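Here's protein.txt, which has compact mmCIF, C-alpha atoms:
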```txt
# COMPACT_ATOMS: atom_id res chain seq x y z
CA MET U 215 0.00 0.00 0.00
CA VAL U 216 1.24 3.50 -0.86
CA SER U 217 -0.04 6.97 -0.18
CA VAL U 218 -1.71 8.77 -3.08
CA ASP U 219 0.92 11.52 -2.96
CA GLU U 220 3.85 9.10 -3.22
CA PRO U 221 5.44 8.37 -6.62
CA ILE U 222 5.35 4.69 -7.58
CA ASP U 223 8.66 3.03 -8.36
CA LEU U 224 7.88 -0.20 -10.18
CA ALA U 225 10.21 -2.63 -11.97
CA ILE U 226 9.01 -5.54 -14.10
CA THR U 227 11.25 -8.59 -14.21
CA ASP U 228 11.45 -11.74 -16.34
CA VAL U 229 10.21 -9.95 -19.44
CA SER U 230 10.49 -12.32 -22.39
CA VAL U 231 9.82 -9.84 -25.21
CA GLU U 232 11.68 -6.80 -26.49
CA THR U 233 8.72 -4.38 -26.41
CA VAL U 234 5.76 -4.19 -24.00
CA ASP U 235 2.69 -2.07 -23.49
CA ILE U 236 2.10 -0.87 -19.93
CA ARG U 237 -1.55 -0.09 -19.10
CA VAL U 238 -2.76 1.48 -15.85
CA SER U 239 -6.39 1.55 -14.77
CA LEU U 240 -8.30 2.87 -11.76
CA THR U 241 -11.88 3.72 -10.83
CA ASP U 242 -13.10 7.01 -9.37
CA ARG U 243 -15.77 7.77 -6.77
CA ARG U 244 -18.58 7.68 -9.32
CA GLY U 245 -17.58 4.27 -10.61
CA ARG U 246 -15.99 5.57 -13.82
CA ASP U 247 -13.00 3.69 -15.19
CA TRP U 248 -9.84 5.61 -16.15
CA GLU U 249 -6.97 4.24 -18.23
CA ALA U 250 -3.62 5.18 -19.77
CA ASP U 251 -1.02 3.17 -21.63
CA ALA U 252 2.45 3.55 -23.11
CA THR U 253 4.88 1.35 -25.01
CA TYR U 254 8.41 0.62 -23.76
CA ASP U 255 11.46 -1.13 -25.14
CA VAL U 256 12.94 -3.73 -22.80
CA SER U 257 16.69 -4.02 -22.30
CA GLY U 258 17.56 -7.47 -21.01
CA ASP U 259 14.69 -9.06 -19.11
CA THR U 260 13.91 -6.18 -16.71
CA LEU U 261 11.99 -2.94 -17.24
CA ASP U 262 12.51 -0.28 -14.57
CA LEU U 263 9.55 1.99 -15.29
CA ASP U 264 10.78 4.74 -13.00
CA ALA U 265 13.91 5.17 -15.14
CA ALA U 266 12.46 4.28 -18.54
CA THR U 267 11.07 6.51 -21.29
CA SER U 268 8.23 5.40 -23.54
CA THR U 269 9.10 4.67 -27.16
CA ASP U 270 7.40 7.89 -28.31
CA GLY U 271 9.40 9.88 -25.74
CA GLU U 272 6.31 11.35 -24.09
CA VAL U 273 6.19 9.43 -20.80
CA THR U 274 9.24 9.78 -18.57
CA GLY U 275 7.69 9.36 -15.12
CA GLY U 276 6.68 5.71 -15.28
CA VAL U 277 3.52 4.55 -13.52
CA THR U 278 3.05 7.83 -11.68
CA GLU U 279 2.95 9.85 -14.89
CA LEU U 280 0.66 7.30 -16.52
CA VAL U 281 -1.81 7.77 -13.66
CA GLN U 282 -1.75 11.53 -14.21
CA ARG U 283 -2.30 10.98 -17.95
CA ALA U 284 -5.24 8.59 -17.47
CA THR U 285 -8.45 9.45 -19.30
CA PRO U 286 -11.99 8.24 -18.68
CA VAL U 287 -13.16 5.26 -20.69
CA ALA U 288 -16.49 7.08 -21.05
CA GLY U 289 -17.59 10.65 -20.32
CA SER U 290 -15.79 13.98 -20.05
CA ASP U 291 -16.00 14.84 -16.35
CA PRO U 292 -12.91 15.30 -14.16
CA PHE U 293 -11.62 12.53 -11.91
CA GLU U 294 -13.26 12.40 -8.48
CA PRO U 295 -11.15 10.40 -6.03
CA GLU U 296 -12.65 8.05 -3.51
CA ARG U 297 -12.31 9.37 0.02
CA ASP U 298 -10.08 6.44 1.01
CA GLY U 299 -8.11 6.24 -2.25
CA ASP U 300 -8.09 3.76 -5.11
CA ASP U 301 -6.81 0.39 -6.31
CA LEU U 302 -4.44 0.94 -9.21
CA THR U 303 -4.00 -1.95 -11.63
CA VAL U 304 -0.85 -2.13 -13.77
CA ARG U 305 -0.95 -4.56 -16.69
CA VAL U 306 1.87 -5.72 -18.94
CA GLU U 307 0.70 -6.53 -22.47
CA ARG U 308 2.11 -7.38 -25.87
CA ASP U 309 -0.05 -7.06 -28.99
CA GLY U 310 -3.15 -7.14 -26.80
CA ALA U 311 -2.15 -10.30 -24.95
CA ALA U 312 -1.71 -10.07 -21.17
CA LEU U 313 1.75 -10.98 -19.86
CA GLY U 314 1.11 -10.11 -16.22
CA SER U 315 -0.46 -7.59 -13.83
CA THR U 316 -0.35 -6.24 -10.31
CA THR U 317 -2.69 -4.14 -8.17
CA ILE U 318 -1.39 -1.36 -5.93
CA GLU U 319 -3.49 0.01 -3.08
CA ARG U 320 -3.25 3.82 -3.00
CA ARG U 321 -4.70 5.52 0.04
CA PHE U 322 -5.17 9.07 1.29
CA GLY U 323 -2.77 8.61 4.15
CA GLY U 324 -1.40 5.40 5.62
CA GLY U 325 -3.55 2.68 7.12
CA ASP U 326 -2.37 3.67 10.59
CA VAL U 327 -4.03 7.13 10.40
CA THR U 328 -7.06 7.31 12.69
CA SER U 329 -9.98 9.73 12.59
CA GLU U 330 -13.04 10.78 14.50
CA SER U 331 -15.77 13.39 14.37
CA VAL U 332 -15.09 16.44 16.55
CA ASP U 333 -18.21 18.46 15.82
CA GLY U 334 -18.39 21.46 18.10
CA GLU U 335 -21.08 23.97 18.95
CA SER U 336 -19.81 26.38 16.31
CA PHE U 337 -18.23 24.15 13.67
CA VAL U 338 -18.41 20.70 12.08
CA GLY U 339 -15.28 18.70 11.42
CA ARG U 340 -13.32 15.50 11.41
CA ILE U 341 -9.85 15.14 12.88
CA TYR U 342 -7.14 12.86 11.50
CA GLU U 343 -4.23 11.73 13.64
CA PRO U 344 -0.95 9.96 12.86
CA PRO U 345 0.29 7.08 15.00
CA GLY U 346 2.75 7.45 17.86
CA SER U 347 2.78 9.16 21.21
CA ASP U 348 5.17 12.02 20.38
CA PRO U 349 3.54 15.48 20.24
CA LYS U 350 2.37 16.33 16.71
CA PRO U 351 1.87 19.76 15.13
CA GLY U 352 -1.72 20.63 14.29
CA VAL U 353 -3.28 21.96 11.09
CA VAL U 354 -6.81 23.19 10.33
CA VAL U 355 -7.90 22.48 6.74
CA LEU U 356 -10.46 24.78 5.08
CA HIS U 357 -12.44 23.83 1.97
CA GLY U 358 -13.54 26.11 -0.86
CA SER U 359 -16.87 27.39 -2.08
CA ASP U 360 -18.05 23.91 -3.05
CA GLY U 361 -18.80 23.34 0.63
CA GLN U 362 -17.13 19.91 0.62
CA SER U 363 -15.00 19.20 3.68
CA ALA U 364 -11.38 18.62 2.54
CA ASP U 365 -10.96 15.25 4.26
CA GLY U 366 -8.51 13.90 1.69
CA ILE U 367 -6.08 16.75 2.36
CA ALA U 368 -6.40 16.24 6.12
CA GLN U 369 -5.79 12.50 5.79
CA LEU U 370 -2.65 13.08 3.75
CA LEU U 371 -1.35 15.64 6.23
CA ALA U 372 -1.91 13.12 9.02
CA SER U 373 0.15 10.56 7.08
CA HIS U 374 2.97 13.13 7.14
CA GLY U 375 2.82 13.48 10.91
CA PHE U 376 0.30 16.28 11.45
CA THR U 377 -2.88 16.21 13.48
CA ALA U 378 -5.24 17.68 10.90
CA LEU U 379 -8.81 18.90 11.38
CA ALA U 380 -10.94 19.20 8.24
CA VAL U 381 -13.56 21.85 8.98
CA GLN U 382 -16.88 22.43 7.26
CA TYR U 383 -17.94 26.03 7.77
CA PHE U 384 -21.14 26.28 5.70
CA ASP U 385 -23.63 23.70 4.52
CA TRP U 386 -25.75 24.26 1.43
CA ARG U 387 -27.21 20.74 1.79
CA GLY U 388 -28.93 21.67 5.03
CA GLU U 389 -27.54 18.79 7.09
CA TYR U 390 -26.31 20.96 9.98
CA GLU U 391 -28.62 23.59 11.42
CA ARG U 392 -25.80 25.38 13.24
CA LEU U 393 -23.94 26.14 9.99
CA PRO U 394 -24.85 28.88 7.52
CA ALA U 395 -26.70 27.49 4.53
CA GLU U 396 -24.53 29.51 2.14
CA LEU U 397 -21.12 31.14 2.08
CA VAL U 398 -22.53 34.35 3.47
CA GLY U 399 -21.94 35.77 6.94
CA VAL U 400 -19.71 32.89 8.10
CA PRO U 401 -18.38 33.76 11.57
CA LEU U 402 -14.59 33.88 11.81
CA GLU U 403 -15.15 32.49 15.28
CA PHE U 404 -15.70 29.09 13.59
CA VAL U 405 -12.03 28.99 12.64
CA ALA U 406 -10.95 30.27 16.06
CA ALA U 407 -12.92 27.48 17.72
CA ALA U 408 -11.40 24.87 15.40
CA VAL U 409 -7.89 26.15 16.12
CA GLU U 410 -8.48 25.96 19.85
CA ARG U 411 -9.98 22.48 19.55
CA VAL U 412 -6.81 21.26 17.83
CA LEU U 413 -4.53 22.92 20.37
CA ASP U 414 -6.53 21.44 23.27
CA ARG U 415 -6.28 17.92 21.88
CA ASP U 416 -3.97 15.50 23.70
CA GLY U 417 -0.79 14.89 21.76
CA VAL U 418 -0.81 18.19 19.85
CA ARG U 419 2.19 20.43 20.31
CA GLY U 420 1.73 24.17 20.46
CA PRO U 421 1.77 27.03 20.73
CA ASP U 422 0.61 27.45 17.13
CA VAL U 423 -1.28 25.53 14.48
CA GLY U 424 -1.11 25.85 10.71
CA LEU U 425 -3.91 26.77 8.33
CA PHE U 426 -4.38 25.25 4.88
CA GLY U 427 -7.11 26.54 2.55
CA THR U 428 -8.10 26.31 -1.09
CA SER U 429 -10.01 28.94 -3.11
CA LYS U 430 -12.38 30.74 -0.68
CA GLY U 431 -10.78 28.60 2.01
CA GLY U 432 -7.45 30.15 1.03
CA GLU U 433 -8.93 33.61 1.47
CA LEU U 434 -10.31 32.51 4.85
CA ALA U 435 -6.95 31.01 5.89
CA LEU U 436 -5.12 34.26 5.15
CA LEU U 437 -7.78 36.30 6.94
CA ALA U 438 -7.90 34.06 10.01
CA GLY U 439 -4.12 33.83 10.14
CA SER U 440 -3.88 37.62 10.18
CA ARG U 441 -6.26 37.85 13.16
CA LEU U 442 -5.55 34.81 15.34
CA GLU U 443 -2.42 34.82 17.48
CA SER U 444 -2.39 31.03 17.78
CA VAL U 445 -1.90 30.55 14.00
CA GLY U 446 1.60 30.05 12.61
CA PRO U 447 2.17 29.04 8.96
CA VAL U 448 -0.57 29.60 6.39
CA VAL U 449 -1.01 27.94 2.99
CA SER U 450 -3.41 29.45 0.43
CA VAL U 451 -3.99 27.52 -2.81
CA ASN U 452 -5.76 29.60 -5.47
CA GLY U 453 -6.94 31.94 -2.73
CA SER U 454 -7.12 35.72 -2.43
CA GLY U 455 -5.30 38.50 -0.61
CA VAL U 456 -8.49 40.54 -0.48
CA VAL U 457 -11.81 39.66 1.11
CA TRP U 458 -14.69 39.24 -1.32
CA ALA U 459 -18.44 39.33 -0.99
CA GLY U 460 -20.13 36.06 -0.15
CA ILE U 461 -21.50 33.46 -2.52
CA SER U 462 -25.22 32.86 -2.63
CA ARG U 463 -27.50 30.84 -4.87
CA ARG U 464 -30.45 32.92 -3.74
CA GLU U 465 -29.46 36.58 -3.61
CA PHE U 466 -27.39 39.05 -5.60
CA PRO U 467 -25.59 40.91 -4.14
CA PRO U 468 -25.13 38.40 -1.33
CA GLY U 469 -23.52 40.42 1.50
CA PRO U 470 -20.28 39.60 3.37
CA SER U 471 -18.43 36.30 3.28
CA TRP U 472 -17.20 36.59 6.86
CA THR U 473 -18.20 38.23 10.13
CA VAL U 474 -16.46 38.96 13.44
CA ASP U 475 -18.59 39.46 16.56
CA GLY U 476 -21.58 39.57 14.23
CA GLU U 477 -20.19 42.45 12.18
CA PRO U 478 -19.20 42.09 8.50
CA VAL U 479 -15.53 41.90 7.65
CA PRO U 480 -14.95 44.65 5.02
CA TYR U 481 -15.13 43.16 1.55
CA LEU U 482 -15.06 43.92 -2.16
CA PRO U 483 -18.58 43.96 -3.59
CA TYR U 484 -19.37 42.44 -6.95
CA THR U 485 -19.76 44.73 -9.93
CA ASP U 486 -23.33 45.54 -10.92
CA ASP U 487 -22.38 45.12 -14.57
CA ARG U 488 -24.33 41.92 -15.20
CA SER U 489 -22.82 41.53 -18.68
CA VAL U 490 -19.53 40.24 -17.22
CA TRP U 491 -21.14 37.43 -15.24
CA ASP U 492 -21.85 34.07 -16.85
CA VAL U 493 -25.31 32.76 -16.01
CA GLN U 494 -25.29 29.48 -17.92
CA PRO U 495 -23.06 26.55 -16.88
CA PRO U 496 -20.24 25.99 -17.25
CA MET U 497 -19.70 29.50 -15.92
CA GLU U 498 -16.42 31.41 -16.22
CA MET U 499 -16.31 33.64 -13.13
CA GLU U 500 -12.95 35.37 -13.60
CA PRO U 501 -14.22 38.26 -15.77
CA GLY U 502 -16.75 39.20 -13.09
CA TYR U 503 -14.17 39.17 -10.31
CA SER U 504 -11.63 41.11 -12.35
CA GLN U 505 -14.21 43.73 -13.31
CA SER U 506 -15.29 44.01 -9.67
CA LEU U 507 -11.70 44.69 -8.62
CA GLU U 508 -11.34 47.27 -11.39
CA ASP U 509 -14.59 49.01 -10.40
CA ALA U 510 -13.75 49.26 -6.69
CA ASP U 511 -12.33 52.52 -5.36
CA ASP U 512 -9.03 52.67 -3.50
CA GLU U 513 -10.67 53.07 -0.10
CA THR U 514 -12.80 49.95 -0.56
CA ILE U 515 -9.84 47.90 -1.77
CA ALA U 516 -7.70 49.06 1.15
CA ALA U 517 -10.40 48.11 3.66
CA ALA U 518 -10.86 44.67 2.07
CA THR U 519 -7.14 43.88 1.76
CA ILE U 520 -6.03 41.28 4.29
CA PRO U 521 -3.20 42.46 6.59
CA VAL U 522 -1.20 39.32 5.88
CA GLU U 523 1.90 40.86 7.43
CA SER U 524 0.29 40.08 10.79
CA ILE U 525 0.60 36.33 10.17
CA THR U 526 3.30 35.10 12.53
CA GLY U 527 4.49 32.12 10.47
CA PRO U 528 5.64 31.61 6.89
CA VAL U 529 3.06 32.05 4.14
CA LEU U 530 2.81 29.95 0.98
CA LEU U 531 0.74 31.34 -1.91
CA VAL U 532 -0.02 28.88 -4.73
CA SER U 533 -1.74 30.01 -7.93
CA GLY U 534 -2.65 28.70 -11.35
CA GLY U 535 -1.71 31.26 -13.98
CA ALA U 536 -4.68 30.13 -16.09
CA ASP U 537 -7.22 30.31 -13.24
CA ARG U 538 -10.64 31.12 -14.73
CA MET U 539 -12.64 31.15 -11.48
CA TRP U 540 -10.79 34.28 -10.35
CA ASP U 541 -7.35 35.65 -11.08
CA SER U 542 -5.67 34.02 -8.10
CA GLU U 543 -2.23 35.00 -9.37
CA GLU U 544 -3.14 38.69 -9.17
CA LEU U 545 -5.16 38.29 -5.97
CA HIS U 546 -2.24 36.51 -4.32
CA ARG U 547 0.15 39.15 -5.64
CA ILE U 548 -1.70 41.69 -3.47
CA ALA U 549 -0.80 39.57 -0.45
CA ALA U 550 2.75 38.97 -1.69
CA GLU U 551 3.42 42.69 -2.06
CA ARG U 552 2.38 43.33 1.53
CA LEU U 553 4.49 40.44 2.77
CA GLU U 554 7.47 41.66 0.76
CA CYS U 555 7.05 45.22 2.00
CA HIS U 556 7.11 44.03 5.62
CA ASP U 557 10.02 41.63 5.06
CA CYS U 558 7.90 38.60 5.95
CA ASP U 559 8.73 34.96 5.28
CA TYR U 560 6.68 33.95 2.23
CA GLU U 561 6.77 32.28 -1.16
CA GLN U 562 4.49 32.75 -4.16
CA LEU U 563 4.30 29.88 -6.61
CA VAL U 564 2.63 30.39 -9.99
CA TYR U 565 2.01 27.58 -12.47
CA PRO U 566 1.24 29.21 -15.84
CA ASP U 567 -0.69 26.30 -17.35
CA ALA U 568 -2.70 25.31 -14.27
CA GLY U 569 -6.12 26.66 -13.39
CA HIS U 570 -8.29 26.75 -10.26
CA ALA U 571 -8.26 23.00 -9.60
CA ILE U 572 -4.74 22.42 -8.25
CA THR U 573 -4.81 19.54 -5.78
CA VAL U 574 -2.63 16.78 -4.33
CA PRO U 575 -0.25 15.02 -6.72
CA TYR U 576 -0.58 11.86 -8.75
CA LEU U 577 -4.26 11.90 -9.63
CA PRO U 578 -5.59 11.98 -13.22
CA THR U 579 -5.65 15.54 -14.55
CA GLU U 580 -7.68 15.11 -17.76
CA ASN U 581 -10.92 17.16 -18.01
CA ARG U 582 -10.04 19.20 -14.94
CA GLU U 583 -10.21 22.49 -16.88
CA ARG U 584 -13.99 22.56 -16.45
CA THR U 585 -16.77 20.95 -14.44
CA ALA U 586 -20.44 20.76 -15.28
CA GLN U 587 -20.91 24.00 -13.35
CA PHE U 588 -17.72 26.06 -13.75
CA VAL U 589 -14.78 26.78 -16.04
CA MET U 590 -11.66 26.15 -13.95
CA GLY U 591 -9.01 26.88 -16.61
CA GLY U 592 -5.64 25.26 -17.18
CA SER U 593 -4.53 22.12 -19.01
CA ALA U 594 -3.98 18.50 -18.02
CA ALA U 595 -0.20 18.88 -18.33
CA GLY U 596 -0.28 22.14 -16.37
CA TYR U 597 -2.14 20.51 -13.50
CA ALA U 598 0.24 17.55 -13.46
CA GLU U 599 3.17 19.93 -13.00
CA ALA U 600 1.43 22.08 -10.39
CA ASP U 601 0.13 19.15 -8.34
CA GLY U 602 3.50 17.45 -8.13
CA ASP U 603 5.59 20.56 -7.56
CA HIS U 604 3.54 22.51 -5.01
CA TRP U 605 2.72 19.71 -2.57
CA PRO U 606 6.25 19.23 -1.16
CA ARG U 607 6.38 23.00 -0.61
CA VAL U 608 3.11 22.78 1.34
CA LEU U 609 4.64 20.16 3.61
CA GLU U 610 7.84 22.20 4.04
CA THR U 611 5.83 25.26 5.05
CA LEU U 612 3.80 23.35 7.63
CA GLU U 613 6.91 21.57 8.91
CA THR U 614 8.01 24.87 10.42
CA LEU U 615 5.54 24.06 13.21
CA ARG U 616 8.07 21.53 14.48
CA THR U 617 10.83 24.11 15.02
```

Represent the structure of the file as structure tokens.
Amino acid sequence: MVSVDEPIDLAITDVSVETVDIRVSLTDRRGRDWEADATYDVSGDTLDLDAATSTDGEVTGGVTELVQRATPVAGSDPFEPERDGDDLTVRVERDGAALGSTTIERRFGGGDVTSESVDGESFVGRIYEPPGSDPKPGVVVLHGSDGQSADGIAQLLASHGFTALAVQYFDWRGEYERLPAELVGVPLEFVAAAVERVLDRDGVRGPDVGLFGTSKGGELALLAGSRLESVGPVVSVNGSGVVWAGISRREFPPGPSWTVDGEPVPYLPYTDDRSVWDVQPPMEMEPGYSQSLEDADDETIAAATIPVESITGPVLLVSGGADRMWDSEELHRIAAERLECHDCDYEQLVYPDAGHAITVPYLPTENRERTAQFVMGGSAAGYAEADGDHWPRVLETLETLRT
């Protein structure tokens, strides 16, 4: 068994032919089959896929790259991983005839990671813990505007030695009465309570925890990190250095995304120029956000800009240069300029050919540029690069909690 974010080093021995086809297959959460294949020349009777290059020169990363290149057998939707991971089958073929196969269990985190619900009065969440009795650093993981708790991220962080709490802070499905039904007026106190819950947990070392957020969760991570003294490092993936209006399926304009003590956190309102907003799926939201930023006056932008220089730990800003949900490269640049001006510890990573759907490495990237609802931007190759490159930097940033 391997973790999803680990590259797979696989060698095939006792190969009796000079050329073989390697085919990988896996199934996603919706039961859709995904496959990729490549042809390799065999030197001797052993094929080390990690060191080999396909005969067409396109595949250089062996099984791991084949997984990223996998395409759906039917349909055009993006890959949706199972919460626990997948079973990856690797087949060796020659002219359509099977020569052998193996199945590799890939999991979000090791089998020794444990979890339990830690729903509180002001938040809903699930905490993931690594094995061992030594004190572990803690991380709070914040999802984006899809409202789906980022359990996979939390599980992976636990496999790397962090106690990670995946928080759900609004609930459009209506399963939790204590949560807002939409991403409007979400109390920042939710994050504060989650941070304290992690710090109070047995086996968690303090005095700080890390925050990890994607999209609106990245915006929230930067905002909460700038206001909470018990937060150290912050990671924002395709987030924003300014606070935006909320997101509502019922009202336009929707009001604030976040509140503190019941009062709205200053935010950038959406432009009233309806012509820049897509209304038919798949919707491209970036023109609306960019026009809203252009329309806002200096005073409004200043009030909505997050004082990221108040974050006490290192900050990692990750953006797709082809993000079509919002221009996260520019929105993160606002944060980067403040951090640079105040001589703070930060890094901004930009992947030109990736869009809004950067995630953990070594998952299929085909069809990720759009969903049924939204245009995300980017290309399959761009996501493969971004996924694999940014994740080690995420872990390095959060590792500062151990020092």

Checklist outcome for this item: The residue from U:Val479, U:Leu530, U:Ala510, U:Val273 with the smallest atom-to-atom distance to U:Leu609, counting all atoms listed in the file, is U:Leu530

Go through stretch 423-494 of chain U residue by residue and, counting only C-alpha atoms, keep those with an atom at most 12 Å from stretch 368-381 of chain U; for each kept residue give the shortest atom pair and its distance in Å to one decimal, ordered by chain and increasing number, as a Markdown table.
```
| residue | atom | partner | partner_atom | distance |
| --- | --- | --- | --- | --- |
| U:Val423 | CA | U:Ala378 | CA | 9.5 |
| U:Gly424 | CA | U:Ala378 | CA | 9.2 |
| U:Leu425 | CA | U:Ala378 | CA | 9.5 |
| U:Phe426 | CA | U:Ala368 | CA | 9.3 |
| U:Gly427 | CA | U:Ala380 | CA | 10.0 |
| U:Gly431 | CA | U:Val381 | CA | 10.1 |
| U:Leu434 | CA | U:Val381 | CA | 11.9 |
| U:Ala435 | CA | U:Val381 | CA | 11.7 |
```

Checklist entry - To one decimal place, how far is atom CA of U:Ser471 from atom CA of U:Trp458 in Å? => result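 Separating atom CA of U:Ser471 from atom CA of U:Trp458 is a distance of 6.6 Å.
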
Item to check | Option closest in space to U:Gly596, from U:Leu261, U:Val490, U:Ala568, U:Ala395 [counting all atoms listed in the file] | outcome: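 Closest to U:Gly596, using all atoms listed in the file: U:Ala568.
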
Checklist entry - Contacts of stretch 512-520 of chain U at 12 Å or less, counting only C-alpha atoms, minus same-chain residues fewer than 3 places along, as a PyMOL selection string? => result chain U and resi 432-441+453-459+470-472+478-484+506-509+523-525+545-553

Keeping only C-alpha atoms, write the selected residues as a compact mmCIF listing (two decimals), keeping the file's coordinate frame.
```txt
# COMPACT_ATOMS: atom_id res chain seq x y z
CA GLY U 432 -7.45 30.15 1.03
CA GLU U 433 -8.93 33.61 1.47
CA LEU U 434 -10.31 32.51 4.85
CA ALA U 435 -6.95 31.01 5.89
CA LEU U 436 -5.12 34.26 5.15
CA LEU U 437 -7.78 36.30 6.94
CA ALA U 438 -7.90 34.06 10.01
CA GLY U 439 -4.12 33.83 10.14
CA SER U 440 -3.88 37.62 10.18
CA ARG U 441 -6.26 37.85 13.16
CA GLY U 453 -6.94 31.94 -2.73
CA SER U 454 -7.12 35.72 -2.43
CA GLY U 455 -5.30 38.50 -0.61
CA VAL U 456 -8.49 40.54 -0.48
CA VAL U 457 -11.81 39.66 1.11
CA TRP U 458 -14.69 39.24 -1.32
CA ALA U 459 -18.44 39.33 -0.99
CA PRO U 470 -20.28 39.60 3.37
CA SER U 471 -18.43 36.30 3.28
CA TRP U 472 -17.20 36.59 6.86
CA PRO U 478 -19.20 42.09 8.50
CA VAL U 479 -15.53 41.90 7.65
CA PRO U 480 -14.95 44.65 5.02
CA TYR U 481 -15.13 43.16 1.55
CA LEU U 482 -15.06 43.92 -2.16
CA PRO U 483 -18.58 43.96 -3.59
CA TYR U 484 -19.37 42.44 -6.95
CA SER U 506 -15.29 44.01 -9.67
CA LEU U 507 -11.70 44.69 -8.62
CA GLU U 508 -11.34 47.27 -11.39
CA ASP U 509 -14.59 49.01 -10.40
CA GLU U 523 1.90 40.86 7.43
CA SER U 524 0.29 40.08 10.79
CA ILE U 525 0.60 36.33 10.17
CA LEU U 545 -5.16 38.29 -5.97
CA HIS U 546 -2.24 36.51 -4.32
CA ARG U 547 0.15 39.15 -5.64
CA ILE U 548 -1.70 41.69 -3.47
CA ALA U 549 -0.80 39.57 -0.45
CA ALA U 550 2.75 38.97 -1.69
CA GLU U 551 3.42 42.69 -2.06
CA ARG U 552 2.38 43.33 1.53
CA LEU U 553 4.49 40.44 2.77
```

Next on the checklist: Measuring between all atoms listed in the file, which one of U:Phe404, U:Arg538, U:Thr573, U:Thr241 shows the shortest distance to U:Ala364?
Outcome noted: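 Going through U:Phe404, U:Arg538, U:Thr573, U:Thr241 one by one, the smallest distance to U:Ala364 is for U:Thr573.
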
Item to check | Nearest residue to U:Lys350 from the set U:Val532, U:Val418, U:Leu577, U:Ala586 (distances using all atoms listed in the file) | outcome: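 Closest to U:Lys350, using all atoms listed in the file: U:Val418.
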
Item to check | Distance in Å - atom CA of U:Glu249 versus atom CA of U:Arg283 | outcome: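 For atom CA of U:Glu249 relative to atom CA of U:Arg283, the distance reads 8.2 Å.
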
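Coordinates place atom CA of U:Ser359 at a distance of 5.8 Å from atom CA of U:Lys430.
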
Item to check | Using only C-alpha atoms: which of U:Ala250, U:Ala225, U:Val398, U:Met590 has the shortest distance to U:Ala266 | outcome: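 Of U:Ala250, U:Ala225, U:Val398, U:Met590, the one nearest U:Ala266 is U:Ala225, counting only C-alpha atoms.
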
Checklist entry - When distances are computed from all atoms listed in the file, which of U:Glu396, U:Glu544, U:Asp301, U:Glu391 shows the smallest separation from U:Asp360? => result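 When distances to U:Asp360 are compared using all atoms listed in the file, the smallest one comes from U:Glu396.
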